[in-house]
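Here is the structure we will look at.
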Amino acid sequence: MKSHTEHLLMHTKRKQEFINITQQVEDAIAKSGIEEGLVLINPMHITAAVYVNDNESGLIDDFQVWLEKLAPAGLDYKHHWTGEDNADAHLKRQLMGHQVTMAVTKGKLELGPWEQIFYAEFDGQRAKRVLIKIIGE
Amino acid sequence: MKSHTEHLLMHTKRKQEFINITQQVEDAIAKSGIEEGLVLINPMHITAAVYVNDNESGLIDDFQVWLEKLAPAGLDYKHHWTGEDNADAHLKRQLMGHQVTMAVTKGKLELGPWEQIFYAEFDGQRAKRVLIKIIGE
Amino acid sequence: MKSHTEHLLMHTKRKQEFINITQQVEDAIAKSGIEEGLVLINPMHITAAVYVNDNESGLIDDFQVWLEKLAPAGLDYKHHWTGEDNADAHLKRQLMGHQVTMAVTKGKLELGPWEQIFYAEFDGQRAKRVLIKIIGE
């Protein structure tokens with residue numbers, strides 16, 4: 001069995017930002033030399049998510065409007081008694097599904113026709129990391 | 001290490017449909033010859049989800065009513081400016097959790113007493129695929 | 001390839017309870033002797049979730065209030081026609097994302113600075129199990 005571990009550094013300009021990281025995952029797989037396996041892509045911070053969906057800017061706007069409706073910023077969250085102001089970011093990241101595991105087949109990231117991997121930042125403007133872990137052979 | 005890759009073909013009659021695919025996952029594991037490992041079940045299309053929950057028709061109806069409430073069809077989504085009309089399907093699939101990874105133990109899919117694996121289609125009536133990827137030994 | 005399978009027994013006092021299981025996952029990894037791999041943590045029951053987020057009691061309260069708003073108990077769910085009264089628990093567990101896969105790196109659970117693994121029980125006061133499955137080398 002082989003394994004490969006890599007960390008992407010993220011530092012968004014805006015507080016909320018969605019970034020396509022599919023190419024970085026493909027690059028990590030190429031570096032790993034793994035032909036058949038699984039790749040986990042996990043945001044190491046708890047106010048961000050990694051998810052798979054369409055690379056279409058209108059839909060990304062829709063996600064943001066929708067998440068704001070279901071998990072609004074600015075409510076009187078108990079988490080804010082600690083001095084934090086980002087409880088909504090913790091909720092939003094759960095709604096998006098937090099993390100993904102994808103297949104590596106014949107040395108490549110196996111994607112459906114429209115699948116793209118995104119990093120969704122909900123409390124940015126600071127350094128964060130995304131873990132890419134590949135195991136296989 | 002061994003690996004096994006398989007694709008289920010889905011083509012639902014209705015636009016929205018929930019289909020129990022547990023048996024197909026079990027069959028893929030049997031074919032793989034893998035005794036101990038992990039199996040990823042990932043819908044390769046971004047308006048469908050794979051999830052684990054109860055095989056009870058009332059609950060499946062509840063899921064559909066609930067998803068319609070949280071991610072309604074027919075709103076003025078920006079994604080629709082592209083000519084699409086399925087933004088709600090992209091949102092619903094995120095709510096259900098998108099994909100699952102399960103354990104293969106002693107040559108079998110290891111399930112709790114009520115765990116069943118479902119394919120949830122939110123924009124059907126066309127051909128789609130579900131990826132089953134098993135790695136282990 | 002090595003693998004290790006373990007089951008945590010859960011039996012919460014309250015119907016709804018969130019329990020930090022990070023230490024148990026770390027212990028299972030230590031026992032496995034696996035240095036590089038993946039660990040799946042999957043609740044084997046369909047009214048509970050395993051998720052990763054902050055170990056902060058205010059935020060845990062916020063999660064509970066929020067889940068009650070998005071997936072309320074006590075509605076006229078069809079699932080209840082079977083005699084059950086826990087449809088909301090099935091919905092809540094989907095919202096939290098159901099399960100997680102994490103990385104094992106250099107013999108340890110690889111966590112970001114605030115990542116902790118939680119078991120979220122939504123229909124407790126009875127015996128349940130959480131599956132920990134580690135594969136790697």
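Starting from 1 in every chain, residues are counted up; chains themselves are A, B, ... following the order of the structure tokens, and ligands are numbered from 1 as listed.
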Once you count only C-alpha atoms, what closest atom pair and distance in Å to one decimal does each residue of range 103-130 of chain A within 9 Å of range 83-92 of chain A have, with rows by chain and rising residue number, as JSON lines?
{"residue": "A:Glu121", "atom": "CA", "partner": "A:Ala89", "partner_atom": "CA", "distance": 8.3}
{"residue": "A:Phe122", "atom": "CA", "partner": "A:Ala89", "partner_atom": "CA", "distance": 5.0}
{"residue": "A:Asp123", "atom": "CA", "partner": "A:Ala89", "partner_atom": "CA", "distance": 6.2}
**Message:** Please check the contacts: residues of chain C at most 10 Å away from chain B, using only C-alpha atoms, listed as an MDAnalysis selection string.
**Reply:** chainID C and resid 1:5 38:47 70:71 76:82 86:88 90:91 93:101 128:136
**Complete:** CA of Gln24 in chain A sits from CA of Tyr119 in chain A at a separation of 11.2 Å
**Request:** Check chain B with DSSP on the backbone and list each residue it calls helix (DSSP H, G or I), as an NGL selection string.
**Result:** :B and (22-32 or 57-70 or 78-82 or 87-95)
**Request:** In Å, rounded to a single decimal, give me how far CA of Arg14 in chain A is from CA of Arg126 in chain A.
**Result:**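 Atom-to-atom, CA of Arg126 in chain A to CA of Arg14 in chain A, that is 9.5 Å.
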